[in-house]
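Visitor: For reference, the file upload14.tsv (TSV, C-alpha atoms) is included below:
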```
chain	number	residue	atom	x	y	z
A	1	MET	CA	158.65	-184.96	-44.24
A	2	SER	CA	155.56	-187.00	-45.04
A	3	PHE	CA	155.69	-190.04	-47.32
A	4	ALA	CA	152.10	-189.41	-48.49
A	5	SER	CA	151.33	-187.87	-51.89
A	6	SER	CA	148.33	-185.92	-53.14
A	7	TYR	CA	147.34	-188.75	-55.51
A	8	PHE	CA	145.39	-191.74	-54.19
A	9	ILE	CA	147.04	-194.33	-56.45
A	10	PHE	CA	150.49	-193.14	-55.38
A	11	ASN	CA	149.41	-193.47	-51.75
A	12	VAL	CA	148.41	-197.09	-52.37
A	13	ILE	CA	151.80	-197.76	-54.00
A	14	LEU	CA	153.66	-196.04	-51.15
A	15	PHE	CA	151.64	-198.03	-48.59
A	16	LEU	CA	152.55	-201.31	-50.32
A	17	ILE	CA	156.22	-200.30	-50.59
A	18	GLY	CA	156.16	-199.46	-46.88
A	19	LEU	CA	154.62	-202.86	-46.11
A	20	LEU	CA	157.33	-204.59	-48.18
A	21	PHE	CA	160.09	-202.67	-46.35
A	22	LEU	CA	158.48	-203.51	-43.02
A	23	ILE	CA	158.29	-207.25	-43.71
A	24	LYS	CA	161.71	-207.61	-45.34
A	25	GLY	CA	163.35	-205.40	-42.74
A	26	SER	CA	161.87	-207.54	-39.96
A	27	ASP	CA	163.20	-210.66	-41.70
A	28	PHE	CA	166.71	-209.17	-41.93
A	29	PHE	CA	166.59	-208.11	-38.27
A	30	VAL	CA	165.46	-211.50	-36.94
A	31	GLU	CA	167.95	-213.50	-39.04
A	32	ALA	CA	170.85	-211.21	-38.15
A	33	ALA	CA	169.94	-210.98	-34.46
A	34	SER	CA	169.58	-214.77	-34.23
A	35	GLN	CA	173.00	-215.35	-35.81
A	36	ILE	CA	174.62	-212.77	-33.54
A	37	ALA	CA	172.94	-214.34	-30.49
A	38	ARG	CA	174.24	-217.80	-31.48
A	39	SER	CA	177.77	-216.41	-31.77
A	40	TYR	CA	177.49	-215.51	-28.07
A	41	LYS	CA	176.34	-219.08	-27.25
A	42	VAL	CA	172.72	-218.15	-26.55
A	43	SER	CA	170.61	-221.33	-26.76
A	44	GLU	CA	168.09	-221.97	-29.54
A	45	ILE	CA	165.17	-222.18	-27.13
A	46	VAL	CA	165.98	-218.76	-25.63
A	47	ILE	CA	166.27	-217.31	-29.14
A	48	GLY	CA	162.90	-218.82	-30.00
A	49	LEU	CA	161.21	-217.50	-26.87
A	50	THR	CA	162.43	-213.97	-27.49
A	51	LEU	CA	163.53	-213.15	-31.04
A	52	VAL	CA	160.96	-215.18	-32.97
A	53	SER	CA	157.89	-213.94	-31.10
A	54	ILE	CA	159.15	-210.38	-30.73
A	55	GLY	CA	160.54	-210.44	-34.26
A	56	THR	CA	157.18	-211.23	-35.86
A	57	SER	CA	155.72	-208.35	-33.82
A	58	LEU	CA	158.31	-205.85	-35.11
A	59	PRO	CA	155.97	-204.47	-37.82
A	60	GLU	CA	153.36	-203.67	-35.16
A	61	PHE	CA	156.09	-202.27	-32.89
A	62	ALA	CA	157.53	-199.90	-35.48
A	63	THR	CA	154.17	-198.86	-36.95
A	64	ASP	CA	152.50	-198.16	-33.62
A	65	ILE	CA	155.42	-196.49	-31.85
A	66	TYR	CA	155.66	-194.08	-34.79
A	67	ALA	CA	151.87	-193.56	-34.78
A	68	SER	CA	151.95	-192.95	-31.02
A	69	ILE	CA	154.67	-190.32	-31.37
A	70	LYS	CA	152.44	-188.57	-33.92
A	71	GLY	CA	149.50	-188.79	-31.49
A	72	GLN	CA	147.44	-191.14	-33.69
A	73	SER	CA	145.69	-193.26	-31.04
A	74	GLY	CA	143.25	-194.77	-33.52
A	75	ILE	CA	146.04	-196.33	-35.57
A	76	VAL	CA	147.77	-197.72	-32.46
A	77	VAL	CA	144.73	-199.35	-30.89
A	78	GLY	CA	143.19	-200.39	-34.21
A	79	ASP	CA	146.37	-202.08	-35.41
A	80	LEU	CA	147.19	-203.90	-32.16
A	81	VAL	CA	143.69	-205.13	-31.36
A	82	GLY	CA	143.06	-205.85	-35.05
A	83	SER	CA	146.36	-207.76	-35.30
A	84	ASN	CA	145.37	-209.99	-32.40
A	85	ILE	CA	142.04	-210.72	-34.09
A	86	THR	CA	143.83	-211.42	-37.38
A	87	ASN	CA	146.45	-213.64	-35.72
A	88	ILE	CA	143.85	-215.87	-34.08
A	89	SER	CA	140.95	-215.88	-36.52
A	90	LEU	CA	142.80	-215.72	-39.87
A	91	VAL	CA	146.36	-216.96	-39.33
A	92	LEU	CA	145.49	-219.72	-36.85
A	93	GLY	CA	142.32	-220.57	-38.75
A	94	VAL	CA	144.33	-221.10	-41.96
A	95	ALA	CA	146.97	-223.08	-40.05
A	96	VAL	CA	144.42	-225.48	-38.56
A	97	LEU	CA	142.76	-226.02	-41.93
A	98	LEU	CA	146.13	-226.77	-43.56
A	99	MET	CA	147.19	-229.15	-40.81
A	100	GLY	CA	143.82	-230.79	-40.23
A	101	THR	CA	144.65	-231.20	-36.55
A	102	MET	CA	146.96	-229.06	-34.41
A	103	SER	CA	147.98	-230.32	-30.98
A	104	SER	CA	147.76	-227.90	-28.06
A	105	PRO	CA	150.19	-228.95	-25.28
A	106	LYS	CA	148.77	-228.64	-21.78
A	107	LEU	CA	151.69	-226.42	-20.74
A	108	VAL	CA	150.94	-223.93	-23.52
A	109	VAL	CA	147.22	-223.90	-22.69
A	110	LYS	CA	147.57	-223.54	-18.91
A	111	ARG	CA	150.41	-221.02	-18.99
A	112	ASP	CA	150.54	-219.04	-22.24
A	113	ALA	CA	146.99	-219.20	-23.62
A	114	LEU	CA	145.34	-218.38	-20.29
A	115	PHE	CA	147.85	-215.59	-19.67
A	116	MET	CA	147.10	-214.21	-23.15
A	117	LEU	CA	143.36	-214.28	-22.44
A	118	GLY	CA	143.99	-212.54	-19.12
A	119	THR	CA	145.84	-209.71	-20.88
A	120	PHE	CA	142.92	-209.33	-23.30
A	121	PHE	CA	140.42	-208.90	-20.46
A	122	MET	CA	142.77	-206.64	-18.48
A	123	PHE	CA	143.20	-204.33	-21.49
A	124	ALA	CA	139.43	-204.26	-22.09
A	125	GLY	CA	138.73	-203.67	-18.40
A	126	ILE	CA	141.13	-200.72	-18.18
A	127	CYS	CA	139.59	-199.22	-21.34
A	128	PHE	CA	135.99	-199.60	-20.15
A	129	ILE	CA	136.78	-198.27	-16.65
A	130	GLY	CA	138.60	-195.33	-18.25
A	131	GLU	CA	135.61	-194.74	-20.58
A	132	GLY	CA	137.71	-195.11	-23.70
A	133	ASN	CA	140.99	-193.84	-22.28
A	134	PHE	CA	144.07	-196.00	-21.84
A	135	GLY	CA	146.57	-193.85	-19.96
A	136	ARG	CA	150.14	-194.08	-18.73
A	137	ILE	CA	149.17	-196.02	-15.60
A	138	GLY	CA	147.64	-198.70	-17.81
A	139	GLY	CA	150.83	-198.69	-19.87
A	140	VAL	CA	152.97	-199.20	-16.77
A	141	VAL	CA	150.77	-202.11	-15.65
A	142	MET	CA	151.16	-203.76	-19.06
A	143	LEU	CA	154.95	-203.35	-19.07
A	144	ILE	CA	155.27	-204.77	-15.54
A	145	LEU	CA	153.29	-207.82	-16.66
A	146	MET	CA	155.53	-208.12	-19.73
A	147	VAL	CA	158.67	-208.16	-17.58
A	148	GLY	CA	157.09	-210.70	-15.23
A	149	TYR	CA	156.06	-212.95	-18.11
A	150	LEU	CA	159.53	-212.87	-19.70
A	151	PHE	CA	161.15	-213.58	-16.32
A	152	TYR	CA	158.85	-216.56	-15.85
A	153	LEU	CA	159.64	-217.87	-19.35
A	154	PHE	CA	163.39	-217.70	-18.79
A	155	LYS	CA	163.12	-219.23	-15.35
A	156	HIS	CA	161.11	-222.19	-16.69
A	157	ARG	CA	162.67	-222.42	-20.15
A	158	ASP	CA	163.78	-226.02	-19.55
A	159	ALA	CA	160.12	-227.06	-19.54
A	160	LEU	CA	160.00	-226.18	-23.24
A	161	ALA	CA	163.12	-228.13	-24.18
A	162	GLU	CA	161.00	-231.06	-25.38
A	163	LEU	CA	159.39	-228.82	-28.00
A	164	GLU	CA	162.82	-228.24	-29.50
A	165	GLU	CA	163.78	-231.90	-29.81
A	166	GLY	CA	163.93	-233.18	-33.38
A	167	GLU	CA	163.55	-229.74	-34.90
A	168	GLU	CA	165.97	-228.21	-37.35
A	169	HIS	CA	168.29	-225.55	-35.99
A	170	ASN	CA	168.78	-222.65	-38.34
A	171	GLU	CA	172.07	-222.47	-40.21
A	172	ALA	CA	174.04	-219.25	-40.47
A	173	VAL	CA	172.42	-217.00	-43.09
A	174	PHE	CA	175.25	-214.48	-43.35
A	175	SER	CA	178.81	-215.46	-44.28
A	176	SER	CA	180.41	-213.32	-41.57
A	177	MET	CA	179.53	-211.52	-38.36
A	178	SER	CA	180.25	-208.15	-39.98
A	179	LYS	CA	177.54	-208.90	-42.56
A	180	ALA	CA	175.17	-209.98	-39.78
A	181	TRP	CA	175.69	-206.65	-37.99
A	182	LEU	CA	175.29	-204.76	-41.29
A	183	PHE	CA	171.95	-206.45	-42.02
A	184	LEU	CA	170.84	-205.93	-38.42
A	185	PHE	CA	171.13	-202.15	-38.85
A	186	LEU	CA	169.75	-202.32	-42.40
A	187	GLY	CA	166.72	-204.17	-41.04
A	188	VAL	CA	166.14	-201.49	-38.40
A	189	ALA	CA	166.33	-198.74	-41.05
A	190	MET	CA	163.91	-200.57	-43.36
A	191	ILE	CA	161.48	-201.18	-40.49
A	192	PHE	CA	161.47	-197.47	-39.62
A	193	LEU	CA	161.00	-196.32	-43.23
A	194	GLY	CA	158.28	-198.91	-43.86
A	195	ALA	CA	156.37	-197.95	-40.72
A	196	LYS	CA	156.55	-194.26	-41.61
A	197	ALA	CA	155.28	-194.89	-45.15
A	198	MET	CA	152.34	-196.97	-43.91
A	199	VAL	CA	151.28	-194.61	-41.10
A	200	ASP	CA	151.63	-191.42	-43.19
A	201	ASN	CA	149.43	-192.86	-45.91
A	202	VAL	CA	146.77	-194.19	-43.54
A	203	ILE	CA	146.52	-190.73	-41.96
A	204	PHE	CA	146.33	-189.04	-45.38
A	205	VAL	CA	143.66	-191.36	-46.80
A	206	ALA	CA	141.57	-191.26	-43.61
A	207	GLU	CA	141.58	-187.46	-43.58
A	208	ARG	CA	141.04	-187.15	-47.34
A	209	PHE	CA	138.02	-189.49	-47.45
A	210	ASN	CA	136.74	-188.83	-43.92
A	211	MET	CA	137.27	-192.45	-42.84
A	212	SER	CA	138.00	-193.87	-39.40
A	213	GLN	CA	141.75	-194.26	-38.87
A	214	GLY	CA	141.01	-196.91	-36.26
A	215	LEU	CA	138.98	-199.11	-38.58
A	216	ILE	CA	141.50	-198.77	-41.43
A	217	ALA	CA	144.24	-199.77	-38.98
A	218	ALA	CA	142.12	-202.63	-37.56
A	219	THR	CA	141.68	-204.19	-41.00
A	220	ILE	CA	144.21	-203.18	-43.68
A	221	VAL	CA	147.16	-202.24	-41.44
A	222	ALA	CA	146.47	-205.14	-39.06
A	223	PHE	CA	146.51	-207.60	-41.94
A	224	GLY	CA	149.76	-206.14	-43.26
A	225	THR	CA	151.55	-206.23	-39.92
A	226	SER	CA	150.30	-209.81	-39.34
A	227	VAL	CA	151.97	-211.08	-42.54
A	228	PRO	CA	155.13	-212.16	-40.61
A	229	GLU	CA	153.02	-214.29	-38.26
A	230	LEU	CA	151.33	-215.85	-41.29
A	231	ALA	CA	154.71	-216.51	-42.95
A	232	VAL	CA	156.21	-218.07	-39.80
A	233	THR	CA	153.10	-220.20	-39.30
A	234	ILE	CA	153.11	-221.52	-42.88
A	235	THR	CA	156.86	-222.23	-42.66
A	236	SER	CA	156.40	-224.00	-39.33
A	237	ILE	CA	153.70	-226.22	-40.83
A	238	ARG	CA	155.87	-227.00	-43.87
A	239	LYS	CA	158.84	-227.95	-41.67
A	240	LYS	CA	156.56	-229.80	-39.21
A	241	LYS	CA	157.95	-227.92	-36.21
A	242	LYS	CA	156.03	-228.76	-33.05
A	243	GLY	CA	154.50	-225.91	-31.10
A	244	ILE	CA	156.09	-223.10	-33.13
A	245	ALA	CA	152.99	-222.17	-35.16
A	246	LEU	CA	150.67	-222.02	-32.15
A	247	GLY	CA	153.27	-220.62	-29.75
A	248	ASN	CA	154.25	-217.82	-32.11
A	249	ILE	CA	150.65	-216.65	-32.51
A	250	ILE	CA	149.99	-216.67	-28.76
A	251	GLY	CA	153.33	-215.01	-28.03
A	252	SER	CA	152.74	-212.29	-30.61
A	253	CYS	CA	149.30	-211.51	-29.17
A	254	ILE	CA	150.85	-211.15	-25.71
A	255	PHE	CA	153.68	-208.92	-26.95
A	256	ASN	CA	151.24	-206.75	-28.92
A	257	LEU	CA	149.23	-205.80	-25.84
A	258	LEU	CA	151.80	-205.86	-23.05
A	259	LEU	CA	154.95	-204.54	-24.71
A	260	ILE	CA	153.76	-202.44	-27.65
A	261	MET	CA	150.50	-201.10	-26.22
A	262	GLY	CA	152.27	-200.45	-22.91
A	263	LEU	CA	155.05	-198.44	-24.57
A	264	CYS	CA	152.62	-196.53	-26.79
A	265	ALA	CA	150.49	-195.55	-23.77
A	266	LEU	CA	153.62	-194.26	-22.02
A	267	ILE	CA	154.55	-192.14	-25.04
A	268	ASN	CA	151.04	-190.74	-25.47
A	269	PRO	CA	147.88	-191.72	-23.52
A	270	LEU	CA	145.49	-193.46	-25.90
A	271	GLU	CA	141.98	-192.32	-26.69
A	272	ILE	CA	139.92	-195.18	-28.12
A	273	GLU	CA	137.24	-194.67	-30.75
A	274	SER	CA	133.79	-195.96	-29.77
A	275	THR	CA	133.75	-198.58	-32.56
A	276	LEU	CA	137.12	-199.92	-31.44
A	277	LEU	CA	135.98	-199.99	-27.82
A	278	TYR	CA	132.48	-201.45	-28.18
A	279	VAL	CA	132.88	-203.66	-31.28
A	280	VAL	CA	136.48	-204.47	-32.20
A	281	THR	CA	137.73	-205.08	-28.63
A	282	PRO	CA	134.85	-207.48	-27.80
A	283	ILE	CA	135.65	-209.39	-31.02
A	284	MET	CA	139.24	-209.76	-29.76
A	285	LEU	CA	137.86	-211.11	-26.46
A	286	LEU	CA	135.64	-213.54	-28.37
A	287	CYS	CA	138.64	-214.80	-30.37
A	288	GLY	CA	140.65	-215.29	-27.17
A	289	VAL	CA	137.86	-217.21	-25.44
A	290	MET	CA	137.30	-219.37	-28.52
A	291	LEU	CA	141.01	-220.20	-28.71
A	292	VAL	CA	141.30	-221.28	-25.06
A	293	VAL	CA	138.07	-223.30	-25.16
A	294	PHE	CA	139.02	-225.00	-28.46
A	295	MET	CA	142.55	-225.76	-27.23
A	296	ARG	CA	141.20	-227.26	-24.01
A	297	THR	CA	138.70	-229.49	-25.83
A	298	GLY	CA	140.68	-232.66	-26.47
A	299	TRP	CA	143.97	-230.73	-26.20
A	300	ARG	CA	143.97	-230.09	-29.93
A	301	LEU	CA	142.51	-227.83	-32.61
A	302	VAL	CA	140.55	-229.46	-35.46
A	303	LYS	CA	139.28	-228.37	-38.88
A	304	ALA	CA	135.78	-227.44	-37.68
A	305	GLU	CA	137.37	-225.02	-35.18
A	306	GLY	CA	139.59	-223.58	-37.93
A	307	ILE	CA	136.44	-222.92	-39.98
A	308	ALA	CA	134.86	-221.23	-36.94
A	309	PHE	CA	137.89	-218.93	-36.62
A	310	LEU	CA	137.73	-218.01	-40.32
A	311	ALA	CA	133.98	-217.35	-40.06
A	312	VAL	CA	134.66	-214.82	-37.30
A	313	TYR	CA	137.33	-213.12	-39.44
A	314	ILE	CA	135.03	-212.92	-42.48
A	315	GLY	CA	132.25	-211.45	-40.35
A	316	TYR	CA	134.75	-208.98	-38.87
A	317	LEU	CA	135.85	-207.86	-42.35
A	318	ILE	CA	132.26	-207.48	-43.54
A	319	TYR	CA	131.34	-205.33	-40.53
A	320	ASN	CA	134.38	-203.07	-40.93
A	321	GLY	CA	133.85	-202.84	-44.69
A	322	ILE	CA	130.26	-201.65	-44.17
A	323	LYS	CA	131.37	-199.10	-41.56
A	324	LEU	CA	134.13	-197.76	-43.83
A	325	ALA	CA	131.94	-197.59	-46.95
```
So, in terms of structure tokens, how does the structure I just supplied come out?
Guide:
Amino acid sequence: MSFASSYFIFNVILFLIGLLFLIKGSDFFVEAASQIARSYKVSEIVIGLTLVSIGTSLPEFATDIYASIKGQSGIVVGDLVGSNITNISLVLGVAVLLMGTMSSPKLVVKRDALFMLGTFFMFAGICFIGEGNFGRIGGVVMLILMVGYLFYLFKHRDALAELEEGEEHNEAVFSSMSKAWLFLFLGVAMIFLGAKAMVDNVIFVAERFNMSQGLIAATIVAFGTSVPELAVTITSIRKKKKGIALGNIIGSCIFNLLLIMGLCALINPLEIESTLLYVVTPIMLLCGVMLVVFMRTGWRLVKAEGIAFLAVYIGYLIYNGIKLA
């Protein structure tokens, strides 16, 4: 059963309802999973390294796994590459402007940011060598790197302990463990329904108006699935939590390509539209290079660099808007 209707305005409403379900369901899942993990004495830093970064990528995960099952490669690649562009150029750009200056710890630059940039170039390299095809072998490579990265994080998790010092630990959100488990499963159900509503309506509108699914996914869907990263970043700034805003964005970009793209390629080999391959992917590479260079310069991000990120995002939106028009 499709969640799309034959009326455009209803499709817009269904898309927005799906986005709301996706975001709220992800929130329920992360809060419940975190409380359950704490009940089993899992440390805050381990929860942060796994549930927070993966949790903010849940909308991309649900949306793109569903799209992959339906064989919609354009939505998968457009959303994941577009989300990485949105995370760096829009979300991080806004964060730097709000903060004025954002420190970039050497450990995060040398380990996480460079690894993120490496995954960007590896993805692009596999796509260009495959002439627009990202097959199951590429998916396996990405998943192996994901496992290796997680293993490295857990093995060296004590190195991040200093980032946790002085930060608030979350209090229990749910009054009992039974409620936590209930909202965990409710969150999963809402994530699935939200993803289905969004993907079904993107497919319908793209076919009805002869638009590129990839470009719609790279702009509208990518912005929607990046809302959790934006929310976490704003909250982190408000609570003055060190490293969370920057770390979450970098972590989400890594998870998007290695975990989600890897799984989607295993489900169905991905065929990449020429615009996504020759325009959108290079813009993602540009954002990654800018981030590493800016972080390395003085070991901090400043307002001028935040403006540069936002300029890239505005240019990206203008280009996609012209192509979709």
Visitor: Which of these residues is nearest to Gly139 (chain A), using only C-alpha atoms: A:Thr297, A:Ser39, A:Asn11, A:Asn268?
Guide: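 Looking only at the distances to Gly139 (chain A), the closest residue turns out to be A:Asn268.
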Visitor: Return as JSON the centre and edge lengths, in Å with one decimal, of the box along x, y and z that encloses every atom of region 125-144 of chain A in the file, padded by 4 Å per side.
Guide:
```
{"center_x": 145.4, "center_y": -199.3, "center_z": -19.6, "size_x": 27.7, "size_y": 18.9, "size_z": 16.2}
```
Visitor: Need the shell around Glu273 (chain A): protein/DNA/RNA residues with any atom at most 8 Å away, counting all atoms listed in the file. Skip same-chain ones fewer than 4 positions apart. Format as a PDB file with C-alpha atoms, in the coordinates of the input?
Guide:
```pdb
ATOM      1  CA  GLY A  74     143.250-194.770 -33.520  1.00  0.00           C
ATOM      2  CA  GLY A 132     137.710-195.110 -23.700  1.00  0.00           C
ATOM      3  CA  GLY A 214     141.010-196.910 -36.260  1.00  0.00           C
ATOM      4  CA  LEU A 277     135.980-199.990 -27.820  1.00  0.00           C
TER       5      LEU A 277
END
```
Visitor: Between region 42-107 of chain A and region 203-208 of chain A, at 12 Å or less, what are the per-residue closest atom pairs and their distances in Å? Count all atoms listed in the file, order by chain and rising residue number, and return it as JSON lines.
Guide:
```
{"residue": "A:Ala67", "atom": "CA", "partner": "A:Ile203", "partner_atom": "CA", "distance": 9.4}
{"residue": "A:Lys70", "atom": "CA", "partner": "A:Ile203", "partner_atom": "CA", "distance": 10.2}
{"residue": "A:Gly71", "atom": "CA", "partner": "A:Ile203", "partner_atom": "CA", "distance": 11.1}
{"residue": "A:Gln72", "atom": "CA", "partner": "A:Ile203", "partner_atom": "CA", "distance": 8.3}
{"residue": "A:Ser73", "atom": "CA", "partner": "A:Ile203", "partner_atom": "CA", "distance": 11.2}
{"residue": "A:Gly74", "atom": "CA", "partner": "A:Ile203", "partner_atom": "CA", "distance": 9.9}
{"residue": "A:Ile75", "atom": "CA", "partner": "A:Ile203", "partner_atom": "CA", "distance": 8.5}
{"residue": "A:Val76", "atom": "CA", "partner": "A:Ile203", "partner_atom": "CA", "distance": 11.9}
```
Visitor: Just to confirm, what's the straight-line distance from CA of Thr63 (chain A) to CA of Tyr313 (chain A) in Å (one decimal)?
Guide: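 Separation between CA of Thr63 (chain A) and CA of Tyr313 (chain A): 22.2 Å.
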Visitor: CA of Val77 (chain A) and CA of Ile144 (chain A) are how many Å apart?
Guide: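 Separating CA of Val77 (chain A) from CA of Ile144 (chain A) is a distance of 19.4 Å.
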Visitor: Between CA of Ile54 (chain A) and CA of Val140 (chain A), what is the distance, to one decimal in Å?
Guide: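 CA of Ile54 (chain A) sits 18.9 Å away from CA of Val140 (chain A).
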Visitor: Rank nothing, just name the residue among A:Ala172, A:Val221, A:Cys127, A:Ile23 nearest to Glu271 (chain A), using only C-alpha atoms.
Guide: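 Residue with the minimum atom-to-atom distance to Glu271 (chain A): A:Cys127.
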Visitor: Extract region 220-237 of chain A from the structure I just pasted (atoms: C-alpha atoms) and return it as an mmCIF file, in the first residue's frame.
Guide:
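Everything below was put into decode_17.cif:
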```cif
data_model
loop_
_atom_site.group_PDB
_atom_site.id
_atom_site.type_symbol
_atom_site.label_atom_id
_atom_site.label_comp_id
_atom_site.auth_asym_id
_atom_site.auth_seq_id
_atom_site.Cartn_x
_atom_site.Cartn_y
_atom_site.Cartn_z
ATOM 1 C CA ILE A 220 14.233 18.390 0.295
ATOM 2 C CA VAL A 221 14.637 14.878 1.735
ATOM 3 C CA ALA A 222 18.242 15.551 2.778
ATOM 4 C CA PHE A 223 17.174 18.671 4.664
ATOM 5 C CA GLY A 224 14.364 16.782 6.383
ATOM 6 C CA THR A 225 16.540 13.868 7.469
ATOM 7 C CA SER A 226 19.214 16.321 8.704
ATOM 8 C CA VAL A 227 16.787 18.011 11.123
ATOM 9 C CA PRO A 228 17.906 15.744 14.036
ATOM 10 C CA GLU A 229 21.535 16.785 13.506
ATOM 11 C CA LEU A 230 20.425 20.423 13.503
ATOM 12 C CA ALA A 231 18.386 19.907 16.687
ATOM 13 C CA VAL A 232 21.244 18.126 18.498
ATOM 14 C CA THR A 233 23.693 20.817 17.393
ATOM 15 C CA ILE A 234 21.495 23.686 18.604
ATOM 16 C CA THR A 235 20.873 21.876 21.916
ATOM 17 C CA SER A 236 24.590 21.215 22.331
ATOM 18 C CA ILE A 237 25.357 24.896 21.805
#
```
